[in-house]
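Colleague: This is the structure I have questions about; it appears just below.
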Amino acid sequence: MENSTHTNPDQAGQTTSPPPSLKDAPLQRVGSTKSTRSLRSSNDVPISTSPEKRVTVRSARLNRDSLPASYLHGEPILGSENAGHPKSLSILQCLKLVLLSSKINVLLVFIPLGIASAHVGWSDVVVFVLNFIAIIPLAKLLGFVTEEISLRLGENLGALLNASFGNAVELILSIIALKENKIEVVKASIIGSILSNLLLVLGFCFLAGGYKFKSQKFNQTAAQTSASLLALSCMSLLIPAAFIATASESIAHPDVKNLSHGTAIVLLIVYALYLWFQLKTHEHLYATESDEEEIPLLPLWMGIILLLGITVLVAFCAESLVGSIEGLSTSWHLSHTFIGLILLPIVGNAAEHATAVTVAMKDKMDLAIGVAIGSSMQIALFVSPLMVIIGWGIGKDMDLFFGIFETSVMFISVLIVNYLIQDGESNWLEGIMLLSTYVIIAIAIYYLPDPEGATVAGGAVASHAVKSLAQAVAGQ
């Protein structure tokens, strides 16, 4: 009797082909189940449609050199028996993966040197430089581990964790400086982080992306939403300046703190509503198309332990760094404003800057703008008012009057960025505009003296500056 089972030549070719491996198969974005066409690889092998995976900047491709050969070969990740998840790594393999996740991690050797330098009597300049370098790889590792935990927790909790720890280094530095009553350093570092992301990072993204592509498009609605929230935060700084300019008493007017406390509470509520807007009601505006699937490689318990350990190390290095600012200012003849506005933002944002420029050169401008403008908005709406609330709780005179010069340059920076992103496209010349603005501001800050001994005369200066800003806004 003839066999009733016939084998199609095309099917035979499919059955004899080896299963796809992690190294060869393209990693696909796994997101909502609304679009099934994008959830298939080039071999038409279905990928897990779990909605708990989320595409972020870090990719499993970046870690292949750190993975064992058995992880890459012979164990298919797509369509495998364990629902598309590779087998677990050992503890040593996980630690190796973390240490080799970035080339910046070679700077980890500065961590023990930086911590020890503060206790062996070395000069403040050496202590500052060693801890300055040590915090850079710690910030990178903090971001890596945070994203690993986020992939384990699911989309909503993971995004909330990223939002909370996205600027953890800046938050730790600000809390330690606030505890040591370095109010001007706290305010300068907050403004400096915003300016660094808005002008320096976004400028390099536009310039690097424009070097490879004539024009790059991005999600105009999401970018303008973040920029509008930045304008709101800028307004929250202009109002205390205008309040002081019109008040009859000195700059130390007690009502400024009451105004700052109320404004800080409002900003934190707006930030919480923004997270709800981004994660729930309008999440489609922030969905990014990508051909890479994020795969959690670290177990949850190890990610949590590493997150806590790295946070403690950042706190130690930040305490030594802040404690050496006075000596550095005296030795290098730098004002506290320059240290806070220019130097300290580099510590927490260096690794983030490199990531944003890298994805911009791959024509992924939505991710690049999300890193730059999103980080600035988070500092303005979360870190800044949180510092006011913490200062209120521990009895420190922290308010939202950040100085006339600092408020003015932030207003101008937000205004320029809003102009440049309103068309939804970018080019290299727009990058030059942002970078030149940052350089001009840095030169001005270098020659700006510390606001020591500011008296009622400052109220006249504030009044004139605020009137000029009001006229500029009215003219738009």
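Starting from 1 in every chain, residues are counted up; chains themselves are A, B, ... following the order of the structure tokens, and ligands are numbered from 1 as listed.
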Please run DSSP on the backbone and report, as number ranges by chain, all residues within region 197-330 of chain A that come out as helix (DSSP H, G or I).
Modeller: A: 197-212, 220-246, 254-281, 283-286, 300-323, 325-330
Colleague: Within 10 Å of Val129 (chain A), counting only C-alpha atoms, which residues qualify if same-chain residues fewer than 2 places away don't, as a list in words?
Modeller: Phe110, Gly114, Asp124, Val125, Val126, Val127, Asn131, Phe132, Ile133, Ala134, Leu321, Ser324 and Leu328 of chain A
Colleague: Generate a file of the selected residues that holds N, CA, C and O atoms, formatted as a PDB file, in the first residue's frame.
Modeller:
ATOM      1  N   PHE A 110      39.046  52.602  39.938  1.00  0.00           N
ATOM      2  CA  PHE A 110      39.159  53.860  40.684  1.00  0.00           C
ATOM      3  C   PHE A 110      38.257  53.896  41.908  1.00  0.00           C
ATOM      4  O   PHE A 110      38.380  54.819  42.730  1.00  0.00           O
ATOM      5  N   GLY A 114      39.296  55.887  45.106  1.00  0.00           N
ATOM      6  CA  GLY A 114      38.538  57.076  45.470  1.00  0.00           C
ATOM      7  C   GLY A 114      38.055  57.038  46.910  1.00  0.00           C
ATOM      8  O   GLY A 114      38.136  58.041  47.628  1.00  0.00           O
ATOM      9  N   ASP A 124      42.489  67.449  48.355  1.00  0.00           N
ATOM     10  CA  ASP A 124      41.102  67.480  47.897  1.00  0.00           C
ATOM     11  C   ASP A 124      41.003  67.341  46.383  1.00  0.00           C
ATOM     12  O   ASP A 124      40.030  66.779  45.867  1.00  0.00           O
ATOM     13  N   VAL A 125      41.987  67.844  45.664  1.00  0.00           N
ATOM     14  CA  VAL A 125      41.961  67.722  44.200  1.00  0.00           C
ATOM     15  C   VAL A 125      42.050  66.260  43.788  1.00  0.00           C
ATOM     16  O   VAL A 125      41.305  65.786  42.909  1.00  0.00           O
ATOM     17  N   VAL A 126      42.950  65.504  44.407  1.00  0.00           N
ATOM     18  CA  VAL A 126      43.100  64.074  44.093  1.00  0.00           C
ATOM     19  C   VAL A 126      41.831  63.319  44.475  1.00  0.00           C
ATOM     20  O   VAL A 126      41.350  62.453  43.722  1.00  0.00           O
ATOM     21  N   VAL A 127      41.277  63.641  45.653  1.00  0.00           N
ATOM     22  CA  VAL A 127      40.045  62.970  46.092  1.00  0.00           C
ATOM     23  C   VAL A 127      38.910  63.235  45.110  1.00  0.00           C
ATOM     24  O   VAL A 127      38.159  62.323  44.725  1.00  0.00           O
ATOM     25  N   ASN A 131      37.260  60.150  42.733  1.00  0.00           N
ATOM     26  CA  ASN A 131      35.845  59.805  42.908  1.00  0.00           C
ATOM     27  C   ASN A 131      35.004  60.257  41.719  1.00  0.00           C
ATOM     28  O   ASN A 131      33.991  59.623  41.390  1.00  0.00           O
ATOM     29  N   PHE A 132      35.423  61.323  41.076  1.00  0.00           N
ATOM     30  CA  PHE A 132      34.759  61.775  39.854  1.00  0.00           C
ATOM     31  C   PHE A 132      34.808  60.680  38.789  1.00  0.00           C
ATOM     32  O   PHE A 132      33.801  60.354  38.152  1.00  0.00           O
ATOM     33  N   ILE A 133      35.985  60.080  38.599  1.00  0.00           N
ATOM     34  CA  ILE A 133      36.133  59.017  37.610  1.00  0.00           C
ATOM     35  C   ILE A 133      35.427  57.742  38.068  1.00  0.00           C
ATOM     36  O   ILE A 133      34.839  57.018  37.259  1.00  0.00           O
ATOM     37  N   ALA A 134      35.449  57.466  39.371  1.00  0.00           N
ATOM     38  CA  ALA A 134      34.860  56.222  39.881  1.00  0.00           C
ATOM     39  C   ALA A 134      33.349  56.186  39.705  1.00  0.00           C
ATOM     40  O   ALA A 134      32.766  55.118  39.455  1.00  0.00           O
ATOM     41  N   LEU A 321      33.305  62.923  47.136  1.00  0.00           N
ATOM     42  CA  LEU A 321      33.349  63.934  46.078  1.00  0.00           C
ATOM     43  C   LEU A 321      32.846  65.278  46.584  1.00  0.00           C
ATOM     44  O   LEU A 321      33.499  66.320  46.383  1.00  0.00           O
ATOM     45  N   SER A 324      35.129  67.192  48.974  1.00  0.00           N
ATOM     46  CA  SER A 324      36.363  67.775  48.431  1.00  0.00           C
ATOM     47  C   SER A 324      36.110  68.988  47.553  1.00  0.00           C
ATOM     48  O   SER A 324      37.051  69.540  46.976  1.00  0.00           O
ATOM     49  N   LEU A 328      38.855  71.813  46.106  1.00  0.00           N
ATOM     50  CA  LEU A 328      39.008  71.944  44.654  1.00  0.00           C
ATOM     51  C   LEU A 328      38.734  73.370  44.209  1.00  0.00           C
ATOM     52  O   LEU A 328      39.447  73.915  43.357  1.00  0.00           O
TER      53      LEU A 328
END
Colleague: Counting only C-alpha atoms, which of A:Ala227, A:Ile183, A:Val409, A:Val120 gets nearest to Val439 (chain A)?
Modeller: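 Using only C-alpha atoms, Val439 (chain A) sits closest to A:Val409.
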Colleague: If we count only C-alpha atoms and set the cut-off at 10 Å, which residues sit around Ile191 (chain A), ignoring sequence neighbours fewer than 6 positions away in its own chain? Please answer as a VMD selection string.
Modeller: chain A and resid 185 340 to 342 345 376 379 to 380 384 402 406 to 407 409 to 410
Colleague: Can I get the selected residues back with all heavy atoms, as a compact mmCIF listing (two decimals), in the first residue's frame?
Modeller:
# COMPACT_ATOMS: atom_id res chain seq x y z
N VAL A 185 25.48 74.38 45.61
CA VAL A 185 25.95 73.26 44.79
C VAL A 185 24.78 72.40 44.34
O VAL A 185 24.73 71.93 43.18
CB VAL A 185 26.98 72.41 45.58
CG1 VAL A 185 27.37 71.16 44.79
CG2 VAL A 185 28.22 73.25 45.89
N GLY A 340 29.19 72.96 40.11
CA GLY A 340 27.88 72.33 40.10
C GLY A 340 27.23 72.30 38.73
O GLY A 340 26.60 71.31 38.35
N LEU A 341 27.39 73.37 37.96
CA LEU A 341 26.72 73.46 36.67
C LEU A 341 27.43 72.70 35.56
O LEU A 341 26.78 72.20 34.64
CB LEU A 341 26.58 74.93 36.26
CG LEU A 341 25.32 75.67 36.73
CD1 LEU A 341 25.46 77.16 36.50
CD2 LEU A 341 24.10 75.15 36.00
N ILE A 342 28.74 72.59 35.61
CA ILE A 342 29.50 72.01 34.50
C ILE A 342 30.11 70.66 34.88
O ILE A 342 29.96 69.66 34.14
CB ILE A 342 30.60 72.97 34.04
CG1 ILE A 342 30.00 74.31 33.63
CG2 ILE A 342 31.39 72.36 32.89
CD1 ILE A 342 29.01 74.23 32.48
N PRO A 345 27.45 67.48 36.59
CA PRO A 345 26.56 66.77 35.66
C PRO A 345 27.27 65.74 34.80
O PRO A 345 26.64 64.77 34.35
CB PRO A 345 25.98 67.91 34.80
CG PRO A 345 26.02 69.10 35.68
CD PRO A 345 27.28 68.95 36.48
N SER A 376 16.10 65.26 31.28
CA SER A 376 15.99 66.65 31.75
C SER A 376 14.65 66.89 32.42
O SER A 376 14.57 67.52 33.47
CB SER A 376 16.16 67.61 30.56
OG SER A 376 17.42 67.48 29.98
N ILE A 379 14.54 65.29 35.90
CA ILE A 379 15.27 66.08 36.91
C ILE A 379 14.45 67.31 37.31
O ILE A 379 14.37 67.66 38.49
CB ILE A 379 16.65 66.49 36.37
CG1 ILE A 379 17.53 65.26 36.17
CG2 ILE A 379 17.33 67.48 37.32
CD1 ILE A 379 18.85 65.55 35.49
N ALA A 380 13.83 67.96 36.32
CA ALA A 380 13.09 69.18 36.60
C ALA A 380 11.82 68.92 37.39
O ALA A 380 11.45 69.70 38.28
CB ALA A 380 12.77 69.90 35.29
N SER A 384 14.27 67.97 41.35
CA SER A 384 14.25 69.34 41.89
C SER A 384 13.21 69.53 42.99
O SER A 384 13.55 69.96 44.10
CB SER A 384 14.04 70.33 40.74
OG SER A 384 13.88 71.64 41.23
N PHE A 402 16.57 79.62 42.14
CA PHE A 402 17.87 79.08 41.72
C PHE A 402 18.83 80.15 41.25
O PHE A 402 19.88 79.83 40.70
CB PHE A 402 17.66 78.05 40.61
CG PHE A 402 17.22 76.70 41.11
CD1 PHE A 402 16.39 76.57 42.20
CD2 PHE A 402 17.65 75.54 40.49
CE1 PHE A 402 15.99 75.34 42.67
CE2 PHE A 402 17.25 74.29 40.94
CZ PHE A 402 16.42 74.19 42.04
N GLU A 406 21.01 81.47 36.54
CA GLU A 406 20.69 80.08 36.27
C GLU A 406 19.29 79.93 35.68
O GLU A 406 19.07 79.17 34.74
CB GLU A 406 20.82 79.25 37.55
CG GLU A 406 22.23 79.11 38.07
CD GLU A 406 22.66 80.27 38.95
OE1 GLU A 406 21.94 81.29 38.95
OE2 GLU A 406 23.68 80.15 39.64
N THR A 407 18.33 80.67 36.25
CA THR A 407 16.96 80.60 35.74
C THR A 407 16.87 81.14 34.32
O THR A 407 16.14 80.60 33.47
CB THR A 407 16.02 81.40 36.65
OG1 THR A 407 16.15 80.92 38.00
CG2 THR A 407 14.58 81.24 36.22
N VAL A 409 19.29 81.19 31.93
CA VAL A 409 19.87 80.29 30.93
C VAL A 409 19.00 79.05 30.74
O VAL A 409 18.92 78.50 29.63
CB VAL A 409 21.31 79.89 31.31
CG1 VAL A 409 22.22 81.11 31.32
CG2 VAL A 409 21.37 79.16 32.64
N MET A 410 18.31 78.61 31.79
CA MET A 410 17.41 77.48 31.63
C MET A 410 16.21 77.88 30.76
O MET A 410 15.78 77.11 29.89
CB MET A 410 16.92 76.98 32.99
CG MET A 410 15.98 75.79 32.88
SD MET A 410 15.47 75.12 34.47
CE MET A 410 14.23 73.93 33.96
Colleague: Of the candidates A:Gly309, A:Gly431, A:Pro385, A:Pro449, which one gets nearest to Gly262 (chain A) if we count only C-alpha atoms?
Modeller: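 Looking at the shortest contact to Gly262 (chain A), the residue is A:Pro385.
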Colleague: May I ask for the distance between CA of Leu237 (chain A) and CA of Lys179 (chain A), given in Å to one decimal place?
Modeller: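 It comes out at 22.1 Å.
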Colleague: Would you work out the distance separating CA of Leu279 (chain A) from CA of Phe218 (chain A), expressed in Å to one decimal?
Modeller: 19.3 Å
Colleague: What lies within 10 Å of Ala368 (chain A) using only C-alpha atoms, ignoring chain neighbours under 3 positions off, as a ChimeraX atom specification?
Modeller: /A:57,201-202,205-206,209,218,352-353,355-365,371-374
Colleague: Within 10 Å of Ile416 (chain A), counting only C-alpha atoms, which residues qualify if same-chain residues fewer than 5 places away don't, as a list in words?
Modeller: Leu198, Leu199, Met410, Phe411, Ile421, Glu430, Met433, Leu434 and Thr437 of chain A
Colleague: Please produce an output containing N, CA and C atoms for each residue in the selection, written as a JSON list (two decimals), in the first residue's frame.
Modeller:
[["chain", "number", "residue", "atom", "x", "y", "z"],
["A", 198, "LEU", "N", 19.86, 68.84, 27.80],
["A", 198, "LEU", "CA", 19.15, 69.58, 26.76],
["A", 198, "LEU", "C", 20.08, 70.08, 25.66],
["A", 199, "LEU", "N", 21.23, 70.60, 26.03],
["A", 199, "LEU", "CA", 22.11, 71.26, 25.06],
["A", 199, "LEU", "C", 23.26, 70.36, 24.62],
["A", 410, "MET", "N", 18.31, 78.61, 31.79],
["A", 410, "MET", "CA", 17.41, 77.48, 31.63],
["A", 410, "MET", "C", 16.21, 77.88, 30.76],
["A", 411, "PHE", "N", 15.69, 79.07, 30.99],
["A", 411, "PHE", "CA", 14.58, 79.55, 30.17],
["A", 411, "PHE", "C", 14.98, 79.62, 28.70],
["A", 421, "ILE", "N", 12.59, 71.27, 17.95],
["A", 421, "ILE", "CA", 11.91, 69.98, 17.83],
["A", 421, "ILE", "C", 10.48, 70.10, 17.32],
["A", 430, "GLU", "N", 21.35, 72.00, 13.55],
["A", 430, "GLU", "CA", 20.63, 72.17, 14.81],
["A", 430, "GLU", "C", 21.48, 71.70, 15.98],
["A", 433, "MET", "N", 23.87, 74.45, 16.80],
["A", 433, "MET", "CA", 23.20, 75.51, 17.55],
["A", 433, "MET", "C", 23.15, 75.19, 19.04],
["A", 434, "LEU", "N", 22.77, 73.96, 19.37],
["A", 434, "LEU", "CA", 22.67, 73.58, 20.78],
["A", 434, "LEU", "C", 24.04, 73.56, 21.45],
["A", 437, "THR", "N", 25.35, 77.05, 22.08],
["A", 437, "THR", "CA", 24.66, 77.65, 23.23],
["A", 437, "THR", "C", 25.26, 77.17, 24.53]]
Colleague: For a quick check of understanding, using only C-alpha atoms, which of A:Thr337, A:Ser413, A:Ser174, A:Ser233 has the smallest distance to Met387 (chain A)?
Modeller: A:Ser174
Colleague: Would you please work out which residue, of A:Ile325, A:Met398, A:Leu298, A:Ile339, is nearest to Tyr446 (chain A) when using only C-alpha atoms?
Modeller: A:Ile339
Colleague: Expressed in Å to a single decimal, how great is the separation between CA of Gln93 (chain A) and CA of Cys317 (chain A)?
Modeller: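 Interatomic distance here is 27.0 Å.
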Colleague: Hey, which of A:Gly192, A:Gly393, A:Pro299, A:Gly143 ends up closest to Tyr438 (chain A)? Count only C-alpha atoms.
Modeller: A:Gly192
Colleague: Please provide the set of residues having any atom within 9 Å of Ala139 (chain A), restricted to only C-alpha atoms, with same-chain residues fewer than 6 positions apart removed, written as a list in words.
Modeller: Asn167, Ala168, Val169, Ile310, Val314, Val347, Gly348, Asn349, Ala350, Ala351 and Glu352 of chain A
Colleague: Go ahead and write the selection's residues with N, CA, C and O atoms as a PDB file, in the first residue's frame.
Modeller:
ATOM      1  N   ASN A 167      17.846  58.783  37.308  1.00  0.00           N
ATOM      2  CA  ASN A 167      18.805  59.824  37.715  1.00  0.00           C
ATOM      3  C   ASN A 167      19.225  59.614  39.165  1.00  0.00           C
ATOM      4  O   ASN A 167      19.294  60.563  39.954  1.00  0.00           O
ATOM      5  N   ALA A 168      19.505  58.362  39.505  1.00  0.00           N
ATOM      6  CA  ALA A 168      19.841  58.031  40.890  1.00  0.00           C
ATOM      7  C   ALA A 168      21.139  58.700  41.325  1.00  0.00           C
ATOM      8  O   ALA A 168      21.268  59.135  42.478  1.00  0.00           O
ATOM      9  N   VAL A 169      22.113  58.794  40.423  1.00  0.00           N
ATOM     10  CA  VAL A 169      23.399  59.395  40.798  1.00  0.00           C
ATOM     11  C   VAL A 169      23.216  60.869  41.138  1.00  0.00           C
ATOM     12  O   VAL A 169      23.738  61.363  42.151  1.00  0.00           O
ATOM     13  N   ILE A 310      25.581  48.707  44.306  1.00  0.00           N
ATOM     14  CA  ILE A 310      26.073  49.817  43.488  1.00  0.00           C
ATOM     15  C   ILE A 310      25.609  51.149  44.064  1.00  0.00           C
ATOM     16  O   ILE A 310      26.369  52.133  44.086  1.00  0.00           O
ATOM     17  N   VAL A 314      28.008  54.224  45.146  1.00  0.00           N
ATOM     18  CA  VAL A 314      27.805  55.586  44.646  1.00  0.00           C
ATOM     19  C   VAL A 314      27.700  56.569  45.802  1.00  0.00           C
ATOM     20  O   VAL A 314      28.265  57.672  45.755  1.00  0.00           O
ATOM     21  N   VAL A 347      29.424  63.639  35.801  1.00  0.00           N
ATOM     22  CA  VAL A 347      29.587  62.409  36.578  1.00  0.00           C
ATOM     23  C   VAL A 347      28.438  61.444  36.332  1.00  0.00           C
ATOM     24  O   VAL A 347      28.631  60.273  35.998  1.00  0.00           O
ATOM     25  N   GLY A 348      27.227  61.932  36.502  1.00  0.00           N
ATOM     26  CA  GLY A 348      26.078  61.038  36.397  1.00  0.00           C
ATOM     27  C   GLY A 348      25.592  60.806  34.985  1.00  0.00           C
ATOM     28  O   GLY A 348      24.850  59.857  34.735  1.00  0.00           O
ATOM     29  N   ASN A 349      26.022  61.651  34.035  1.00  0.00           N
ATOM     30  CA  ASN A 349      25.458  61.580  32.691  1.00  0.00           C
ATOM     31  C   ASN A 349      26.429  61.112  31.628  1.00  0.00           C
ATOM     32  O   ASN A 349      26.040  61.005  30.458  1.00  0.00           O
ATOM     33  N   ALA A 350      27.685  60.832  31.982  1.00  0.00           N
ATOM     34  CA  ALA A 350      28.678  60.487  30.953  1.00  0.00           C
ATOM     35  C   ALA A 350      28.277  59.238  30.178  1.00  0.00           C
ATOM     36  O   ALA A 350      28.286  59.228  28.939  1.00  0.00           O
ATOM     37  N   ALA A 351      27.939  58.168  30.899  1.00  0.00           N
ATOM     38  CA  ALA A 351      27.554  56.928  30.216  1.00  0.00           C
ATOM     39  C   ALA A 351      26.256  57.108  29.444  1.00  0.00           C
ATOM     40  O   ALA A 351      26.102  56.583  28.333  1.00  0.00           O
ATOM     41  N   GLU A 352      25.335  57.874  30.024  1.00  0.00           N
ATOM     42  CA  GLU A 352      24.066  58.136  29.350  1.00  0.00           C
ATOM     43  C   GLU A 352      24.282  58.951  28.083  1.00  0.00           C
ATOM     44  O   GLU A 352      23.619  58.734  27.059  1.00  0.00           O
TER      45      GLU A 352
END
Colleague: Tell me, as number ranges by chain, which residues lie within 12 Å of Leu381 (chain A), counting only C-alpha atoms; anything in the same chain fewer than 4 positions away does not count.
Modeller: A: 163-164, 167, 190-191, 194, 226-237, 263-275, 374-377, 385-388, 400
Colleague: Choose the residue, out of A:Trp428, A:Leu313, A:Gly327, A:Leu138, that has the smallest atom-to-atom separation from Ile104 (chain A); count only C-alpha atoms.
Modeller: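 Looking only at the distances to Ile104 (chain A), the closest residue turns out to be A:Leu138.
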